[in-house]
file run.txt (compact mmCIF, C-alpha atoms)
# COMPACT_ATOMS: atom_id res chain seq x y z
CA MET A 1 91.98 80.93 109.61
CA THR A 2 91.73 84.60 108.72
CA TYR A 3 90.87 85.78 105.24
CA VAL A 4 90.54 89.17 103.54
CA VAL A 5 87.57 90.51 101.57
CA PRO A 6 86.70 93.91 100.11
CA LEU A 7 85.39 96.17 102.86
CA ALA A 8 82.35 96.92 100.70
CA GLN A 9 81.09 93.40 101.55
CA ILE A 10 80.77 94.34 105.23
CA ALA A 11 77.80 96.25 106.64
CA PRO A 12 78.86 99.82 107.47
CA ASP A 13 77.42 99.59 111.00
CA GLN A 14 79.68 96.59 111.71
CA VAL A 15 82.74 98.57 110.58
CA GLU A 16 81.72 101.59 112.69
CA ALA A 17 81.24 99.37 115.75
CA LEU A 18 84.70 97.83 115.22
CA LEU A 19 86.25 101.31 114.90
CA ASP A 20 84.56 102.38 118.15
CA ARG A 21 85.91 99.30 119.96
CA ALA A 22 89.40 99.74 118.55
CA PHE A 23 89.76 103.53 118.91
CA GLY A 24 87.00 104.71 121.23
CA PRO A 25 84.03 106.98 120.61
CA GLY A 26 86.19 110.14 120.45
CA ARG A 27 87.91 108.96 117.27
CA HIS A 28 85.96 111.39 115.07
CA ALA A 29 87.77 114.35 116.65
CA ARG A 30 91.17 113.12 115.41
CA THR A 31 93.01 115.11 112.77
CA ALA A 32 92.93 112.23 110.28
CA TYR A 33 89.13 112.40 110.28
CA ARG A 34 89.28 116.14 109.60
CA VAL A 35 91.56 115.61 106.60
CA ARG A 36 89.16 113.26 104.84
CA ILE A 37 85.86 115.09 105.46
CA GLY A 38 83.76 115.03 102.30
CA THR A 39 85.39 111.96 100.78
CA GLN A 40 84.48 108.31 100.47
CA ALA A 41 86.86 105.45 101.21
CA LEU A 42 88.55 103.99 98.13
CA ALA A 43 86.83 100.65 97.59
CA ASP A 44 89.77 99.09 95.73
CA LEU A 45 92.11 99.75 98.68
CA SER A 46 89.78 99.13 101.65
CA PHE A 47 89.52 95.63 103.12
CA ALA A 48 88.19 93.56 106.01
CA ALA A 49 89.69 90.58 107.80
CA LEU A 50 87.21 87.85 108.72
CA ASP A 51 87.43 84.66 110.75
CA ASP A 52 86.21 81.26 109.52
CA ASP A 53 82.68 82.06 110.67
CA GLY A 54 82.61 85.40 108.85
CA GLY A 55 83.14 87.45 112.00
CA LEU A 56 84.81 90.83 111.50
CA LEU A 57 88.32 90.85 112.99
CA GLY A 58 89.76 93.97 111.39
CA SER A 59 89.49 96.59 108.68
CA ILE A 60 91.62 99.00 106.70
CA GLN A 61 90.34 102.03 104.84
CA CYS A 62 92.11 104.30 102.38
CA TRP A 63 91.01 107.78 101.33
CA PRO A 64 91.64 110.16 98.44
CA VAL A 65 93.62 113.19 99.64
CA ALA A 66 95.89 115.78 98.06
CA LEU A 67 98.73 117.98 99.15
CA ALA A 68 98.06 121.56 98.08
CA CYS A 69 101.65 122.80 97.81
CA ASP A 70 102.31 126.42 98.70
CA ALA A 71 103.90 126.90 95.25
CA GLY A 72 100.58 126.04 93.57
CA ASP A 73 100.87 122.35 92.65
CA ARG A 74 98.26 119.91 93.94
CA VAL A 75 99.53 116.35 94.33
CA ALA A 76 97.00 113.50 94.56
CA MET A 77 97.75 110.93 97.25
CA VAL A 78 96.09 108.16 99.25
CA MET A 79 95.65 108.42 103.03
CA VAL A 80 95.94 105.02 104.70
CA GLY A 81 93.90 104.37 107.81
CA PRO A 82 92.33 103.68 110.04
CA VAL A 83 93.67 100.18 110.44
CA ALA A 84 91.41 98.69 113.10
CA VAL A 85 91.68 95.30 114.79
CA GLU A 86 89.24 93.78 117.24
CA PRO A 87 90.81 94.44 120.69
CA ALA A 88 90.66 90.77 121.73
CA VAL A 89 92.88 89.73 118.79
CA GLN A 90 95.26 92.69 118.57
CA GLN A 91 98.95 91.86 118.31
CA GLY A 92 98.08 88.74 116.31
CA GLY A 93 99.22 89.97 112.88
CA ILE A 94 95.81 90.95 111.52
CA GLY A 95 96.71 94.62 111.08
CA ARG A 96 99.94 93.68 109.34
CA MET A 97 98.06 91.28 107.06
CA LEU A 98 95.57 94.02 106.12
CA MET A 99 98.39 96.50 105.44
CA ARG A 100 100.23 94.00 103.26
CA HIS A 101 97.04 93.19 101.33
CA MET A 102 96.34 96.90 100.77
CA LEU A 103 99.94 97.61 99.70
CA ASP A 104 99.82 94.73 97.21
CA ALA A 105 96.57 96.15 95.78
CA ALA A 106 98.08 99.66 95.64
CA ASP A 107 101.17 98.33 93.83
CA ARG A 108 98.95 96.60 91.25
CA GLY A 109 96.79 99.70 90.75
CA ALA A 110 97.01 101.82 87.64
CA ASP A 111 97.32 105.10 89.58
CA SER A 112 100.29 104.18 91.81
CA LEU A 113 99.73 107.30 93.91
CA PRO A 114 101.95 108.05 96.89
CA LEU A 115 100.60 106.77 100.19
CA MET A 116 100.57 108.67 103.48
CA LEU A 117 99.40 108.05 107.02
CA ILE A 118 99.65 109.26 110.58
CA GLY A 119 101.18 106.50 112.66
CA ASP A 120 104.08 104.97 114.54
CA PRO A 121 107.23 105.62 112.49
CA GLU A 122 109.11 102.61 113.86
CA TYR A 123 106.33 100.17 112.98
CA TYR A 124 105.29 101.59 109.61
CA GLY A 125 108.88 102.26 108.61
CA ARG A 126 110.22 98.84 109.57
CA PHE A 127 107.49 96.74 108.04
CA PHE A 128 106.10 98.88 105.22
CA GLY A 129 108.66 101.47 104.13
CA PHE A 130 106.89 104.63 105.32
CA ASP A 131 109.00 107.56 106.54
CA ALA A 132 108.87 111.27 107.33
CA ALA A 133 111.70 112.28 104.96
CA LYS A 134 109.50 114.57 102.83
CA THR A 135 106.63 115.47 105.16
CA SER A 136 108.20 118.11 107.40
CA GLY A 137 106.55 120.99 105.50
CA TRP A 138 103.09 119.46 105.42
CA ARG A 139 100.27 121.07 107.41
CA LEU A 140 97.06 119.37 108.54
CA PRO A 141 93.70 120.77 109.76
CA GLY A 142 94.33 119.90 113.38
CA PRO A 143 97.01 118.83 115.80
CA PHE A 144 99.49 116.10 114.89
CA GLU A 145 102.98 114.99 115.84
CA ALA A 146 105.25 115.79 112.87
CA HIS A 147 107.37 112.63 113.30
CA ARG A 148 104.20 110.53 112.90
CA LEU A 149 103.28 112.04 109.50
CA LEU A 150 104.65 109.41 107.13
CA ALA A 151 104.66 108.75 103.41
CA ARG A 152 105.68 106.02 100.97
CA GLY A 153 106.25 105.97 97.23
CA SER A 154 108.53 107.41 94.60
CA ALA A 155 106.17 110.32 93.88
CA VAL A 156 105.82 111.63 97.46
CA PRO A 157 105.79 115.43 97.13
CA ASP A 158 108.67 117.28 98.76
CA CYS A 159 106.98 120.64 99.23
CA ALA A 160 105.36 122.65 101.98
CA GLY A 161 101.60 122.63 101.80
CA VAL A 162 98.24 121.69 103.26
CA LEU A 163 96.93 118.13 103.23
CA GLN A 164 93.25 118.12 102.28
CA ALA A 165 90.43 115.90 101.07
CA ARG A 166 90.33 115.04 97.38
CA PRO A 167 86.68 114.36 96.55
CA LEU A 168 86.32 112.10 93.55
CA PRO A 169 83.89 112.78 90.72
CA GLY A 170 80.70 110.84 90.61

call {"tool": "encode", "arguments": {"input": "run.txt", "output": "structure tokens"}}
result
Amino acid sequence: MTYVVPLAQIAPDQVEALLDRAFGPGRHARTAYRVRIGTQALADLSFAALDDDGGLLGSIQCWPVALACDAGDRVAMVMVGPVAVEPAVQQGGIGRMLMRHMLDAADRGADSLPLMLIGDPEYYGRFFGFDAAKTSGWRLPGPFEAHRLLARGSAVPDCAGVLQARPLPG
């Protein structure tokens, strides 16, 4: 049986080791990592999947970001990812379970900020309602494939601008 707990209950070195196994040691050079420099994962939207023995099977992290629109507005959003699953159990529904758990938590949250991610449009669109309908004018601090820049929510900004970290007070 697999169950979900807040990611804060898992030792950070265990999460980092899982991320290395799932994405490789070069993961820190990815554009998504550049976007969230200087921020901390949102504890209320970051989770871990564990097996019956408490072994870490997967994790999902969410980050505070904002779209700085060229017209001057700054729209707060949440960046979803990485969603990491232990390679030996990938394709077993753990990533989907973590996404569903996070989306349920986001829907219950008081902020109800738009969500965005960089990922497979067919997968994230089909199962979770993410699309690229309003992201064509967004710019990121590094290379990305425009069709993989996806968003979800009624308040997704439809403006050109730069996606950047949104450090939280405290």

call {"tool": "residues_around", "arguments": {"input": "run.txt", "residues": "Ala76 (chain A)", "least_positions_apart": "6", "cutoff": "10 Å", "atoms": "all atoms listed in the file", "output": "ChimeraX atom specification"}}
result
/A:64-68,111,113-115,155-157,163-166

call {"tool": "residues_around", "arguments": {"input": "run.txt", "residues": "Gln61 (chain A)", "least_positions_apart": "3", "cutoff": "8 Å", "atoms": "all atoms listed in the file", "output": "PyMOL selection string"}}
result
chain A and resi 7+41-42+45-47+80-83

call {"tool": "residues_around", "arguments": {"input": "run.txt", "residues": "Val15 (chain A)", "least_positions_apart": "5", "cutoff": "9 Å", "atoms": "only C-alpha atoms", "output": "list in words"}}
result
Leu7, Ile10, Asp20, Ala48, Leu56, Gly58 and Ser59 of chain A

call {"tool": "closest_residue", "arguments": {"input": "run.txt", "among": "A:Val85, A:Leu18, A:Met116, A:Leu103", "to": "Trp63 (chain A)", "atoms": "all atoms listed in the file"}}
result
A:Met116

call {"tool": "closest_residue", "arguments": {"input": "run.txt", "among": "A:Asp131, A:Glu86, A:Glu122, A:Asp73", "to": "Ala22 (chain A)", "atoms": "all atoms listed in the file"}}
result
A:Glu86

call {"tool": "closest_residue", "arguments": {"input": "run.txt", "among": "A:Ala8, A:Cys69, A:Ala106, A:Leu50", "to": "Gly137 (chain A)", "atoms": "all atoms listed in the file"}}
result
A:Cys69

call {"tool": "residues_around", "arguments": {"input": "run.txt", "residues": "Tyr3 (chain A)", "least_positions_apart": "2", "cutoff": "8 Å", "atoms": "all atoms listed in the file", "output": "NGL selection string"}}
result
:A and (1 or 5 or 49-52)

call {"tool": "write_last_selection", "arguments": {"input": "run.txt", "atoms": "C-alpha atoms", "output": "tab-separated table (two decimals), in the coordinates of the input"}}
result
chain	number	residue	atom	x	y	z
A	1	MET	CA	91.98	80.93	109.61
A	5	VAL	CA	87.57	90.51	101.57
A	49	ALA	CA	89.69	90.58	107.80
A	50	LEU	CA	87.21	87.85	108.72
A	51	ASP	CA	87.43	84.66	110.75
A	52	ASP	CA	86.21	81.26	109.52

call {"tool": "residues_around", "arguments": {"input": "run.txt", "residues": "Lys134 (chain A)", "least_positions_apart": "5", "cutoff": "10 Å", "atoms": "all atoms listed in the file", "output": "ChimeraX atom specification"}}
result
/A:149-152,156-160

call {"tool": "closest_residue", "arguments": {"input": "run.txt", "among": "A:Pro141, A:Asp70, A:Ala43, A:Pro167", "to": "Met102 (chain A)", "atoms": "only C-alpha atoms"}}
result
A:Ala43

call {"tool": "atom_distance", "arguments": {"input": "run.txt", "atom1": "CA of Arg148 (chain A)", "atom2": "CA of Ile118 (chain A)"}}
result
5.3 Å

call {"tool": "decode", "arguments": {"input": "run.txt", "residues": "region 140-163 of chain A", "atoms": "N, CA, C and O atoms", "output": "PDB file, in the first residue's frame"}}
result
ATOM      1  N   LEU A 140      11.079  32.510 -19.842  1.00  0.00           N
ATOM      2  CA  LEU A 140      11.735  31.891 -18.698  1.00  0.00           C
ATOM      3  C   LEU A 140      13.231  32.134 -18.778  1.00  0.00           C
ATOM      4  O   LEU A 140      13.756  32.374 -19.866  1.00  0.00           O
ATOM      5  N   PRO A 141      13.945  32.029 -17.635  1.00  0.00           N
ATOM      6  CA  PRO A 141      15.393  32.290 -17.611  1.00  0.00           C
ATOM      7  C   PRO A 141      16.217  31.093 -18.074  1.00  0.00           C
ATOM      8  O   PRO A 141      17.071  30.596 -17.369  1.00  0.00           O
ATOM      9  N   GLY A 142      15.938  30.616 -19.251  1.00  0.00           N
ATOM     10  CA  GLY A 142      16.650  29.473 -19.797  1.00  0.00           C
ATOM     11  C   GLY A 142      15.825  28.835 -20.888  1.00  0.00           C
ATOM     12  O   GLY A 142      14.673  29.223 -21.133  1.00  0.00           O
ATOM     13  N   PRO A 143      16.387  27.837 -21.544  1.00  0.00           N
ATOM     14  CA  PRO A 143      15.678  27.213 -22.653  1.00  0.00           C
ATOM     15  C   PRO A 143      14.476  26.381 -22.177  1.00  0.00           C
ATOM     16  O   PRO A 143      14.496  25.797 -21.095  1.00  0.00           O
ATOM     17  N   PHE A 144      13.438  26.385 -23.004  1.00  0.00           N
ATOM     18  CA  PHE A 144      12.268  25.540 -22.756  1.00  0.00           C
ATOM     19  C   PHE A 144      11.511  25.392 -24.061  1.00  0.00           C
ATOM     20  O   PHE A 144      11.653  26.203 -24.971  1.00  0.00           O
ATOM     21  N   GLU A 145      10.723  24.344 -24.146  1.00  0.00           N
ATOM     22  CA  GLU A 145       9.874  24.120 -25.305  1.00  0.00           C
ATOM     23  C   GLU A 145       8.518  24.744 -24.995  1.00  0.00           C
ATOM     24  O   GLU A 145       7.860  24.347 -24.029  1.00  0.00           O
ATOM     25  N   ALA A 146       8.103  25.724 -25.795  1.00  0.00           N
ATOM     26  CA  ALA A 146       6.901  26.510 -25.515  1.00  0.00           C
ATOM     27  C   ALA A 146       5.660  25.635 -25.329  1.00  0.00           C
ATOM     28  O   ALA A 146       4.829  25.922 -24.461  1.00  0.00           O
ATOM     29  N   HIS A 147       5.529  24.553 -26.092  1.00  0.00           N
ATOM     30  CA  HIS A 147       4.336  23.709 -25.967  1.00  0.00           C
ATOM     31  C   HIS A 147       4.295  22.944 -24.642  1.00  0.00           C
ATOM     32  O   HIS A 147       3.252  22.418 -24.268  1.00  0.00           O
ATOM     33  N   ARG A 148       5.415  22.906 -23.925  1.00  0.00           N
ATOM     34  CA  ARG A 148       5.483  22.210 -22.633  1.00  0.00           C
ATOM     35  C   ARG A 148       5.256  23.146 -21.444  1.00  0.00           C
ATOM     36  O   ARG A 148       5.241  22.705 -20.308  1.00  0.00           O
ATOM     37  N   LEU A 149       5.083  24.439 -21.694  1.00  0.00           N
ATOM     38  CA  LEU A 149       4.823  25.420 -20.642  1.00  0.00           C
ATOM     39  C   LEU A 149       3.308  25.478 -20.454  1.00  0.00           C
ATOM     40  O   LEU A 149       2.579  26.013 -21.297  1.00  0.00           O
ATOM     41  N   LEU A 150       2.836  24.912 -19.367  1.00  0.00           N
ATOM     42  CA  LEU A 150       1.411  24.669 -19.160  1.00  0.00           C
ATOM     43  C   LEU A 150       0.903  25.370 -17.909  1.00  0.00           C
ATOM     44  O   LEU A 150       1.661  25.606 -16.969  1.00  0.00           O
ATOM     45  N   ALA A 151      -0.383  25.657 -17.893  1.00  0.00           N
ATOM     46  CA  ALA A 151      -0.990  26.310 -16.734  1.00  0.00           C
ATOM     47  C   ALA A 151      -2.401  25.768 -16.519  1.00  0.00           C
ATOM     48  O   ALA A 151      -3.013  25.183 -17.416  1.00  0.00           O
ATOM     49  N   ARG A 152      -2.913  26.005 -15.302  1.00  0.00           N
ATOM     50  CA  ARG A 152      -4.235  25.514 -14.920  1.00  0.00           C
ATOM     51  C   ARG A 152      -4.831  26.495 -13.919  1.00  0.00           C
ATOM     52  O   ARG A 152      -4.155  26.956 -13.008  1.00  0.00           O
ATOM     53  N   GLY A 153      -6.098  26.798 -14.084  1.00  0.00           N
ATOM     54  CA  GLY A 153      -6.792  27.659 -13.136  1.00  0.00           C
ATOM     55  C   GLY A 153      -7.488  28.805 -13.835  1.00  0.00           C
ATOM     56  O   GLY A 153      -7.088  29.229 -14.917  1.00  0.00           O
ATOM     57  N   SER A 154      -8.523  29.307 -13.199  1.00  0.00           N
ATOM     58  CA  SER A 154      -9.312  30.380 -13.808  1.00  0.00           C
ATOM     59  C   SER A 154      -8.569  31.712 -13.827  1.00  0.00           C
ATOM     60  O   SER A 154      -8.916  32.599 -14.606  1.00  0.00           O
ATOM     61  N   ALA A 155      -7.546  31.867 -13.004  1.00  0.00           N
ATOM     62  CA  ALA A 155      -6.833  33.148 -12.927  1.00  0.00           C
ATOM     63  C   ALA A 155      -5.477  33.125 -13.637  1.00  0.00           C
ATOM     64  O   ALA A 155      -4.625  33.966 -13.370  1.00  0.00           O
ATOM     65  N   VAL A 156      -5.265  32.169 -14.546  1.00  0.00           N
ATOM     66  CA  VAL A 156      -4.003  32.122 -15.286  1.00  0.00           C
ATOM     67  C   VAL A 156      -3.870  33.421 -16.079  1.00  0.00           C
ATOM     68  O   VAL A 156      -4.779  33.785 -16.832  1.00  0.00           O
ATOM     69  N   PRO A 157      -2.761  34.139 -15.912  1.00  0.00           N
ATOM     70  CA  PRO A 157      -2.596  35.403 -16.635  1.00  0.00           C
ATOM     71  C   PRO A 157      -2.406  35.183 -18.137  1.00  0.00           C
ATOM     72  O   PRO A 157      -1.714  34.260 -18.545  1.00  0.00           O
ATOM     73  N   ASP A 158      -3.046  36.033 -18.913  1.00  0.00           N
ATOM     74  CA  ASP A 158      -2.943  35.972 -20.365  1.00  0.00           C
ATOM     75  C   ASP A 158      -2.186  37.210 -20.837  1.00  0.00           C
ATOM     76  O   ASP A 158      -2.753  38.105 -21.464  1.00  0.00           O
ATOM     77  N   CYS A 159      -0.914  37.280 -20.455  1.00  0.00           N
ATOM     78  CA  CYS A 159      -0.085  38.420 -20.818  1.00  0.00           C
ATOM     79  C   CYS A 159       1.316  37.921 -21.146  1.00  0.00           C
ATOM     80  O   CYS A 159       1.694  36.825 -20.769  1.00  0.00           O
ATOM     81  N   ALA A 160       2.052  38.736 -21.852  1.00  0.00           N
ATOM     82  CA  ALA A 160       3.464  38.436 -22.091  1.00  0.00           C
ATOM     83  C   ALA A 160       4.231  38.897 -20.861  1.00  0.00           C
ATOM     84  O   ALA A 160       3.899  39.914 -20.243  1.00  0.00           O
ATOM     85  N   GLY A 161       5.232  38.125 -20.488  1.00  0.00           N
ATOM     86  CA  GLY A 161       6.025  38.502 -19.330  1.00  0.00           C
ATOM     87  C   GLY A 161       7.057  37.456 -18.974  1.00  0.00           C
ATOM     88  O   GLY A 161       7.190  36.442 -19.647  1.00  0.00           O
ATOM     89  N   VAL A 162       7.768  37.722 -17.886  1.00  0.00           N
ATOM     90  CA  VAL A 162       8.852  36.857 -17.425  1.00  0.00           C
ATOM     91  C   VAL A 162       8.409  36.108 -16.175  1.00  0.00           C
ATOM     92  O   VAL A 162       7.945  36.717 -15.208  1.00  0.00           O
ATOM     93  N   LEU A 163       8.576  34.791 -16.203  1.00  0.00           N
ATOM     94  CA  LEU A 163       8.291  33.976 -15.025  1.00  0.00           C
ATOM     95  C   LEU A 163       9.498  34.045 -14.106  1.00  0.00           C
ATOM     96  O   LEU A 163      10.634  33.870 -14.543  1.00  0.00           O
TER      97      LEU A 163
END
